[in-house]
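What follows is a single structure, written as structure tokens, with notes after it.
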Amino acid sequence: MEDSGGQNAGAARASAEDEGARRPARLPRAQRRAQLLEAAHRVFVANGYHGAAMDDIADRAQVSKPVLYQHFPGKRELYLALIDQHLAVLTEAMVAALRSTADNKERVNAAIRTYFDFVAADHQAHRLVFESDLLNDDEVSGRFDEFNARIADEIANVIAGDTNLDQARALLLGRSLSGMAQVAARAWLEVADQVDLDEASELVARLAWRGIGRFPKES
């Protein structure tokens, strides 16, 4: 018959094993950060910024709150990091689309399709990027302003280089085209069950090209 000392040792081992099972596996810092951002993304998309809690994010990532706070000092910093990540991905995609061809009609098609692909993606990042409930925060709105300015500038450089328009007028058109594409892509979600992605993107691209394509080319 096992004595009390053996029983205590067995209980201690079982307790340690249980604790080890609950403790999150050690990951490289970059990998852990990516995991936490993915968990935060899902919580913010589901609940919005104000409805999300760090407890929910830690639970989703299956880590303790101290682990979460080792990487992000608070909910706001975590949200800003997530916005930065999504805007960087969208910026890279938009710039790649605009530089993918020397044919301006194809550029318009590619840029508008990029917005449509972004809002159609399963990750629903567009809800954080275009529908943030923290737009009254200067740091959040500033990030969106920087993104819009960067994309408008990329479009303006193409327009100015191909027409008789000066940079200021080209920039105005660039901002208008980008804004139209954003609004149209988001509006498409309301009728996505009636108009498929390919047709919707093509319709808006055709509208944009019929407008911008009428400006005189540089001789």
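Residue numbering restarts at 1 for every chain of the structure tokens, chains are lettered A, B, ... in their displayed order, and ligands are numbered from 1 as they appear.
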
I'd like to know which residues of segment 36-145 of chain A are helix (DSSP H, G or I) (by DSSP, run on the backbone); could you write them as a ChimeraX atom specification? /A:36-51,54-61,65-71,75-98,104-120,126-129,138-145

Do a neighbour search on His123 of chain A at 12 Å with only C-alpha atoms, toss out local chain neighbours closer than 2 positions, and write the hits as a PyMOL selection string. chain A and resi 38-39+41-46+86+117-121+125-129

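Residue nearest Ser132 of chain A, chosen from A:Lys65, A:Arg32, A:His50, A:Arg206 and counting only C-alpha atoms: A:His50.
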
Looking at only C-alpha atoms, which of A:Arg113, A:Arg33, A:Arg99, A:Arg169 is the one that sits closest to Tyr69 of chain A?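 Counting only C-alpha atoms, the residue closest to Tyr69 of chain A is A:Arg33.
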
Using only C-alpha atoms: which of A:Ala181, A:Leu27, A:Ile159, A:Leu87 has the shortest distance to Thr114 of chain A: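 Residue with the minimum atom-to-atom distance to Thr114 of chain A: A:Ala181.
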
Non-local contacts of segment 143-157 of chain A (6 Å; only C-alpha atoms; under 3 positions in same chain excluded) as a count of residues only: 7

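Note that atom CA of Ala97 of chain A and atom CA of Leu197 of chain A are 17.2 Å apart.
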
Compare A:Leu37, A:Ala200, A:Ala192, A:Ala208 by their minimum atom-to-atom distance to Asp84 of chain A, counting only C-alpha atoms, and give me the closest one.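 With only C-alpha atoms as the atom set, the closest residue is A:Leu37.
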
Need to verify the contact set: Ala111 of chain A, 10 Å, only C-alpha atoms, exclusion of same-chain residues closer than 5 positions in sequence. Can you return it as an mmCIF file with N, CA, C and O atoms, in the first residue's frame?
data_model
loop_
_atom_site.group_PDB
_atom_site.id
_atom_site.type_symbol
_atom_site.label_atom_id
_atom_site.label_comp_id
_atom_site.auth_asym_id
_atom_site.auth_seq_id
_atom_site.Cartn_x
_atom_site.Cartn_y
_atom_site.Cartn_z
ATOM 1 N N ALA A 93 -0.313 46.034 -51.314
ATOM 2 C CA ALA A 93 -1.131 45.489 -52.404
ATOM 3 C C ALA A 93 -1.515 46.574 -53.400
ATOM 4 O O ALA A 93 -1.495 46.358 -54.620
ATOM 5 N N MET A 94 -1.871 47.754 -52.897
ATOM 6 C CA MET A 94 -2.268 48.844 -53.785
ATOM 7 C C MET A 94 -1.097 49.344 -54.615
ATOM 8 O O MET A 94 -1.235 49.582 -55.821
ATOM 9 N N VAL A 95 0.048 49.518 -53.984
ATOM 10 C CA VAL A 95 1.224 49.988 -54.716
ATOM 11 C C VAL A 95 1.618 48.962 -55.776
ATOM 12 O O VAL A 95 1.953 49.314 -56.917
ATOM 13 N N ALA A 96 1.563 47.685 -55.424
ATOM 14 C CA ALA A 96 1.889 46.632 -56.396
ATOM 15 C C ALA A 96 0.924 46.668 -57.574
ATOM 16 O O ALA A 96 1.329 46.497 -58.731
ATOM 17 N N ALA A 97 -0.359 46.902 -57.296
ATOM 18 C CA ALA A 97 -1.353 46.960 -58.365
ATOM 19 C C ALA A 97 -1.075 48.134 -59.303
ATOM 20 O O ALA A 97 -1.144 48.004 -60.531
ATOM 21 N N LEU A 98 -0.752 49.284 -58.735
ATOM 22 C CA LEU A 98 -0.515 50.480 -59.541
ATOM 23 C C LEU A 98 0.765 50.380 -60.362
ATOM 24 O O LEU A 98 0.884 51.015 -61.406
ATOM 25 N N ARG A 99 1.706 49.574 -59.893
ATOM 26 C CA ARG A 99 2.982 49.442 -60.596
ATOM 27 C C ARG A 99 3.074 48.154 -61.406
ATOM 28 O O ARG A 99 4.126 47.834 -61.959
ATOM 29 N N SER A 100 1.959 47.431 -61.495
ATOM 30 C CA SER A 100 1.980 46.122 -62.148
ATOM 31 C C SER A 100 1.969 46.204 -63.668
ATOM 32 O O SER A 100 2.252 45.210 -64.346
ATOM 33 N N GLU A 106 -5.461 49.222 -67.324
ATOM 34 C CA GLU A 106 -5.215 48.053 -66.492
ATOM 35 C C GLU A 106 -4.841 48.456 -65.067
ATOM 36 O O GLU A 106 -5.166 47.750 -64.111
ATOM 37 N N PHE A 116 -11.668 45.765 -53.740
ATOM 38 C CA PHE A 116 -12.749 44.772 -53.684
ATOM 39 C C PHE A 116 -12.269 43.462 -53.054
ATOM 40 O O PHE A 116 -12.987 42.856 -52.247
ATOM 41 N N ILE A 151 -1.673 56.486 -51.007
ATOM 42 C CA ILE A 151 -2.289 55.909 -52.201
ATOM 43 C C ILE A 151 -2.658 56.996 -53.208
ATOM 44 O O ILE A 151 -2.452 56.832 -54.416
ATOM 45 N N ILE A 155 -1.323 57.358 -57.132
ATOM 46 C CA ILE A 155 -2.207 57.534 -58.293
ATOM 47 C C ILE A 155 -1.899 58.852 -58.994
ATOM 48 O O ILE A 155 -1.859 58.930 -60.230
ATOM 49 N N LEU A 177 -10.339 59.165 -56.923
ATOM 50 C CA LEU A 177 -10.409 57.796 -57.430
ATOM 51 C C LEU A 177 -10.283 56.773 -56.296
ATOM 52 O O LEU A 177 -11.028 55.793 -56.242
ATOM 53 N N SER A 178 -9.344 57.009 -55.407
ATOM 54 C CA SER A 178 -9.150 56.100 -54.290
ATOM 55 C C SER A 178 -10.383 56.073 -53.388
ATOM 56 O O SER A 178 -10.844 55.000 -52.970
ATOM 57 N N ALA A 181 -13.239 54.157 -55.001
ATOM 58 C CA ALA A 181 -13.021 52.712 -54.962
ATOM 59 C C ALA A 181 -13.314 52.141 -53.573
ATOM 60 O O ALA A 181 -13.930 51.082 -53.438
ATOM 61 N N SER A 201 -16.425 44.683 -59.454
ATOM 62 C CA SER A 201 -15.146 45.362 -59.652
ATOM 63 C C SER A 201 -15.024 45.906 -61.065
ATOM 64 O O SER A 201 -14.565 47.037 -61.282
ATOM 65 N N ALA A 205 -14.594 49.828 -62.163
ATOM 66 C CA ALA A 205 -13.399 50.157 -62.938
ATOM 67 C C ALA A 205 -13.771 50.816 -64.264
ATOM 68 O O ALA A 205 -13.119 51.767 -64.713
#

Calculated over only C-alpha atoms, which of the candidates A:Trp209, A:Tyr115, A:Asp138, A:Val67 has the smallest distance to Ala187 of chain A? A:Tyr115

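Remark: for Leu78 of chain A, the closest of the candidate residues A:Asp103, A:Phe215, A:Glu131, A:Ala40 is A:Ala40 (distances computed over only C-alpha atoms).
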
Using only C-alpha atoms, which protein or nucleic acid residues come within 9 Å of Met54 of chain A? Drop anything in the same chain fewer than 2 positions from it, and give the result as a list in words. Ala40, Ala52, Asp56, Ile57, Ala58, Asp59, Lys65, Leu68, Tyr69, Gly74 and Lys75 of chain A

Quick one: pull the distance between atom CA of Leu36 of chain A and atom CA of Arg60 of chain A, Å, one decimal.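 According to the coordinates, atom CA of Leu36 of chain A and atom CA of Arg60 of chain A are separated by 8.6 Å.
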
Gap from atom CA of Gln35 of chain A to atom CA of Leu90 of chain A - Å, one decimal: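 Taking atom CA of Gln35 of chain A as the start and atom CA of Leu90 of chain A as the end point, the length is 19.8 Å.
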